Amino acid sequence: MSASRVGGLTAALNSARKYKYKSPDGAVDFLVVGGGVVGLAIAQRLTERFPNKSTYLVERHGRAGEETSSRNSEVIHAGLYYPAHSLKTQLCSRGRHLMYDRCQRHNIPYLKTGKLVVAQEDQRPYVEGLYEKSRQLGWPKHFTQHSSNGSVLPARLVTGEEARVLEPDISKDITVALWSPETGIIDSHALMDSLEKDITESAGGQLVYSTRVVRVDPYKKRELSSTSSNAQDGWVVQTTTGDAQEGDALFAKALINASGLSATLILNSLLSESSRIPMYFARGSYTAYSGPGVSNVKHLIYPCPESGPNKNAFQSLGTHLTLDMHGNVRFGPDLEWISPPSSSADDVSDEAHTDFWTKYLVPEESRLEDMCRAVTKYLPNVQKEGFRPDYVGIRPKLVTSGFQDFVVRKDYADGVGSGLMVSLMGIESPGLTSCLAIAEHVVEDIVSQEQDDP
């Protein structure tokens, strides 16, 4: 489906009014919704920053990272691709350093492989532009130690011949490449395990799985009777666990919405219908590969993103070669837009369709030919027979064309400045790399500024 015809999902939580308001049965200082890598990183940071306060994380699946966090390339990105002052660039650059540091301190498997962004002659301006940007980037916020060479993003241009010294199978049509030595790969499941361990071993942290948020209401102290002298602004969050039909209600002094593919649902339930935010869904297929054309490959290899009238440079980095921690080669993701069920390309507001994308998680043989064709532009000796479907990931998108930064939005229960809710939306690539920096940004730059005590 072309981007111009894709429909968005504008559904809102509890739009069918199944769940009526319930008074809260308990209270928590911080409630994080979403147990992907970003939600876990935020919850871990909160328990570390506020050890005397309570932090709960609720996740609808039975374990962490069942959606985008476990269906990606597992690449630690350097921060090459996006506008210099964007959150994506700043948080990716900072997150890369935090990620390598955490891997070393917690024995999380990783490998700093380095990456080649390869280009044919007509694509030279693209990689030269990336190189110039890498030279001009300033150090992101919260850095206290700068590397000895003074560069936040080390990179250099190499000739096609130099690229083929690193990776002999690269096409002779490749005349220039950008070498990024800071790019690497990580075992994302081991990363999530380490974050879970920190949370569960903390004094105030708790993980609650198989629990779905079904309703959220602002709780405004000014609307309460004068007898509620200790009342605070915040959020009443209803959840259901497992197959339960009745929900439990909890008062959250601060609410962090890190629910990934469902991130707009909570916010849309609090907005007028005309102000609802659509979510778009991009399906990415990955293939395993065993065969000729990738002999002894040791680095990640990325093509230049698609250019021309149908360019999607900010929507996809192209069908690239990555490695897993065992050295196995895989290619992907490609880009296929999917829409919720509808008779037109209009946005769909029916809450029943919120998980429509799950039926697209089965990998298909039909994607192999196009993926092979894309790969042979820079690795000409790979053979279609060596490709086999591996897995599929879904990326949460807020736009279908052009650049869209990470969105970190603040709302308040009283509508003014009390009872914080932070919504994280459009957290796709480089979300894995950025997760620890996103957590740092949310906790240190937003939450901590609004707390009465440390």
# chains A, B, ... in the order shown; residues from 1 in each chain; ligands from 1

call {"tool": "residues_around", "arguments": {"residues": "His85 of chain A", "least_positions_apart": "3", "cutoff": "9 Å", "atoms": "only C-alpha atoms", "output": "PyMOL selection string"}}
result
chain A and resi 82+88-90+137-138

call {"tool": "residues_around", "arguments": {"residues": "segment 152-155 of chain A", "least_positions_apart": "3", "cutoff": "9 Å", "atoms": "only C-alpha atoms", "output": "ChimeraX atom specification"}}
result
/A:78-80,93-94,131,134-135,137-140,146-147,149,178-182

call {"tool": "closest_residue", "arguments": {"among": "A:Ala27, A:Leu420, A:Leu271, A:Ala413", "to": "Glu450 of chain A", "atoms": "only C-alpha atoms"}}
result
A:Leu420

call {"tool": "residues_around", "arguments": {"residues": "segment 107-118 of chain A", "least_positions_apart": "2", "cutoff": "9 Å", "atoms": "only C-alpha atoms", "output": "PyMOL selection string"}}
result
chain A and resi 76+100+102-105+120+123+127+160+163+166+170+174-188+190-191+194+298-304+323+325+378

call {"tool": "closest_residue", "arguments": {"among": "A:Ser448, A:Ser54, A:Ser429, A:Thr354", "to": "Ala203 of chain A", "atoms": "only C-alpha atoms"}}
result
A:Ser54

call {"tool": "residues_around", "arguments": {"residues": "Ile446 of chain A", "least_positions_apart": "5", "cutoff": "10 Å", "atoms": "only C-alpha atoms", "output": "mmCIF file with C-alpha atoms, in the first residue's frame"}}
result
data_model
loop_
_atom_site.group_PDB
_atom_site.id
_atom_site.type_symbol
_atom_site.label_atom_id
_atom_site.label_comp_id
_atom_site.auth_asym_id
_atom_site.auth_seq_id
_atom_site.Cartn_x
_atom_site.Cartn_y
_atom_site.Cartn_z
ATOM 1 C CA VAL A 408 7.416 13.723 24.376
ATOM 2 C CA LYS A 410 3.164 16.840 28.762
ATOM 3 C CA LEU A 420 1.625 15.258 35.290
ATOM 4 C CA VAL A 422 3.946 12.299 29.905
ATOM 5 C CA GLU A 440 17.020 10.278 31.465
ATOM 6 C CA HIS A 441 15.166 13.045 29.616
ATOM 7 C CA GLN A 451 8.600 16.934 42.342
#

call {"tool": "residues_around", "arguments": {"residues": "Val382 of chain A", "least_positions_apart": "3", "cutoff": "8 Å", "atoms": "only C-alpha atoms", "output": "ChimeraX atom specification"}}
result
/A:291-294,372,375-376,379,386

call {"tool": "select_by_dssp", "arguments": {"residues": "segment 198-379 of chain A", "states": "strand (DSSP E or B)", "output": "NGL selection string"}}
result
:A and (205-208 or 211-219 or 234-241 or 248-257 or 279-289 or 300-303 or 320-323 or 329-332 or 336-338 or 348)

call {"tool": "write_last_selection", "arguments": {"atoms": "C-alpha atoms", "output": "PDB file, in the first residue's frame"}}
result
ATOM      1  CA  GLY A 205       9.473  -0.738  41.999  1.00  0.00           C
ATOM      2  CA  GLN A 206       6.881  -3.249  40.872  1.00  0.00           C
ATOM      3  CA  LEU A 207       6.208  -4.913  37.510  1.00  0.00           C
ATOM      4  CA  VAL A 208       2.658  -6.004  36.720  1.00  0.00           C
ATOM      5  CA  THR A 211      -2.594  -6.217  32.874  1.00  0.00           C
ATOM      6  CA  ARG A 212      -4.286  -3.856  30.456  1.00  0.00           C
ATOM      7  CA  VAL A 213      -5.180  -0.202  31.013  1.00  0.00           C
ATOM      8  CA  VAL A 214      -8.842   0.215  30.077  1.00  0.00           C
ATOM      9  CA  ARG A 215      -9.733   3.705  31.274  1.00  0.00           C
ATOM     10  CA  VAL A 216      -7.928   6.881  32.386  1.00  0.00           C
ATOM     11  CA  ASP A 217      -9.548   9.895  34.078  1.00  0.00           C
ATOM     12  CA  PRO A 218      -8.070  13.129  35.392  1.00  0.00           C
ATOM     13  CA  TYR A 219      -8.423  13.508  39.158  1.00  0.00           C
ATOM     14  CA  GLY A 234      -3.379  13.092  39.303  1.00  0.00           C
ATOM     15  CA  TRP A 235      -4.910  10.300  37.282  1.00  0.00           C
ATOM     16  CA  VAL A 236      -7.322   7.488  38.033  1.00  0.00           C
ATOM     17  CA  VAL A 237      -6.205   4.527  35.965  1.00  0.00           C
ATOM     18  CA  GLN A 238      -8.405   1.437  35.603  1.00  0.00           C
ATOM     19  CA  THR A 239      -6.807  -1.867  34.669  1.00  0.00           C
ATOM     20  CA  THR A 240      -7.944  -5.418  34.068  1.00  0.00           C
ATOM     21  CA  THR A 241      -5.747  -8.434  34.628  1.00  0.00           C
ATOM     22  CA  ASP A 248      -9.265  -2.214  39.410  1.00  0.00           C
ATOM     23  CA  ALA A 249      -8.672   1.513  39.880  1.00  0.00           C
ATOM     24  CA  LEU A 250      -5.429   3.109  41.017  1.00  0.00           C
ATOM     25  CA  PHE A 251      -4.580   6.755  41.662  1.00  0.00           C
ATOM     26  CA  ALA A 252      -1.333   7.801  39.986  1.00  0.00           C
ATOM     27  CA  LYS A 253       0.290  11.062  41.042  1.00  0.00           C
ATOM     28  CA  ALA A 254       2.236  11.008  37.763  1.00  0.00           C
ATOM     29  CA  LEU A 255       1.440   8.910  34.698  1.00  0.00           C
ATOM     30  CA  ILE A 256       3.962   7.926  32.017  1.00  0.00           C
ATOM     31  CA  ASN A 257       2.403   6.639  28.802  1.00  0.00           C
ATOM     32  CA  MET A 279      -1.314   6.449  14.518  1.00  0.00           C
ATOM     33  CA  TYR A 280       0.038   4.901  11.332  1.00  0.00           C
ATOM     34  CA  PHE A 281       1.603   1.469  11.115  1.00  0.00           C
ATOM     35  CA  ALA A 282       4.618   0.426   9.037  1.00  0.00           C
ATOM     36  CA  ARG A 283       5.258  -3.279   8.618  1.00  0.00           C
ATOM     37  CA  GLY A 284       8.877  -4.347   8.285  1.00  0.00           C
ATOM     38  CA  SER A 285       9.879  -7.859   7.239  1.00  0.00           C
ATOM     39  CA  TYR A 286      13.211  -9.430   8.136  1.00  0.00           C
ATOM     40  CA  THR A 287      14.838 -12.362   6.388  1.00  0.00           C
ATOM     41  CA  ALA A 288      17.527 -14.750   7.478  1.00  0.00           C
ATOM     42  CA  TYR A 289      20.209 -15.444   4.896  1.00  0.00           C
ATOM     43  CA  LEU A 300      26.714  -3.867   9.281  1.00  0.00           C
ATOM     44  CA  ILE A 301      26.044  -2.671   5.737  1.00  0.00           C
ATOM     45  CA  TYR A 302      23.361  -0.093   4.984  1.00  0.00           C
ATOM     46  CA  PRO A 303      22.340   1.200   1.562  1.00  0.00           C
ATOM     47  CA  HIS A 320      20.150  -3.413   5.245  1.00  0.00           C
ATOM     48  CA  LEU A 321      22.458  -6.193   6.383  1.00  0.00           C
ATOM     49  CA  THR A 322      22.717  -6.759  10.106  1.00  0.00           C
ATOM     50  CA  LEU A 323      24.205  -9.493  12.247  1.00  0.00           C
ATOM     51  CA  VAL A 329      23.265 -12.597   8.630  1.00  0.00           C
ATOM     52  CA  ARG A 330      19.821 -11.111   8.247  1.00  0.00           C
ATOM     53  CA  PHE A 331      18.362  -8.486   5.965  1.00  0.00           C
ATOM     54  CA  GLY A 332      15.616  -5.982   6.641  1.00  0.00           C
ATOM     55  CA  GLU A 336       5.012  -1.870   3.850  1.00  0.00           C
ATOM     56  CA  TRP A 337       2.231   0.423   5.059  1.00  0.00           C
ATOM     57  CA  ILE A 338      -0.759  -1.306   6.619  1.00  0.00           C
ATOM     58  CA  VAL A 348     -10.408   4.643  11.651  1.00  0.00           C
TER      59      VAL A 348
END

call {"tool": "residues_around", "arguments": {"residues": "Leu91 of chain A", "least_positions_apart": "4", "cutoff": "9 Å", "atoms": "only C-alpha atoms", "output": "PyMOL selection string"}}
result
chain A and resi 79+86-87+95-96+140-141+430-431+433-438+441

call {"tool": "closest_residue", "arguments": {"among": "A:Thr10, A:Thr319, A:Thr55, A:Thr400", "to": "Ser275 of chain A", "atoms": "only C-alpha atoms"}}
result
A:Thr10

call {"tool": "select_by_dssp", "arguments": {"residues": "segment 214-281 of chain A", "states": "alpha helix (DSSP H)", "output": "PyMOL selection string"}}
result
chain A and resi 263-270

call {"tool": "residues_around", "arguments": {"residues": "Asn52 of chain A", "least_positions_apart": "6", "cutoff": "12 Å", "atoms": "only C-alpha atoms", "output": "list of chain:residue names"}}
result
A:Val28, A:Asp29, A:Phe30, A:Leu46, A:Ser202, A:Ala203, A:Gly204, A:Gly205, A:Asp453, A:Pro454

call {"tool": "closest_residue", "arguments": {"among": "A:His142, A:Lys359, A:His326, A:Arg409", "to": "Pro341 of chain A", "atoms": "only C-alpha atoms"}}
result
A:Lys359
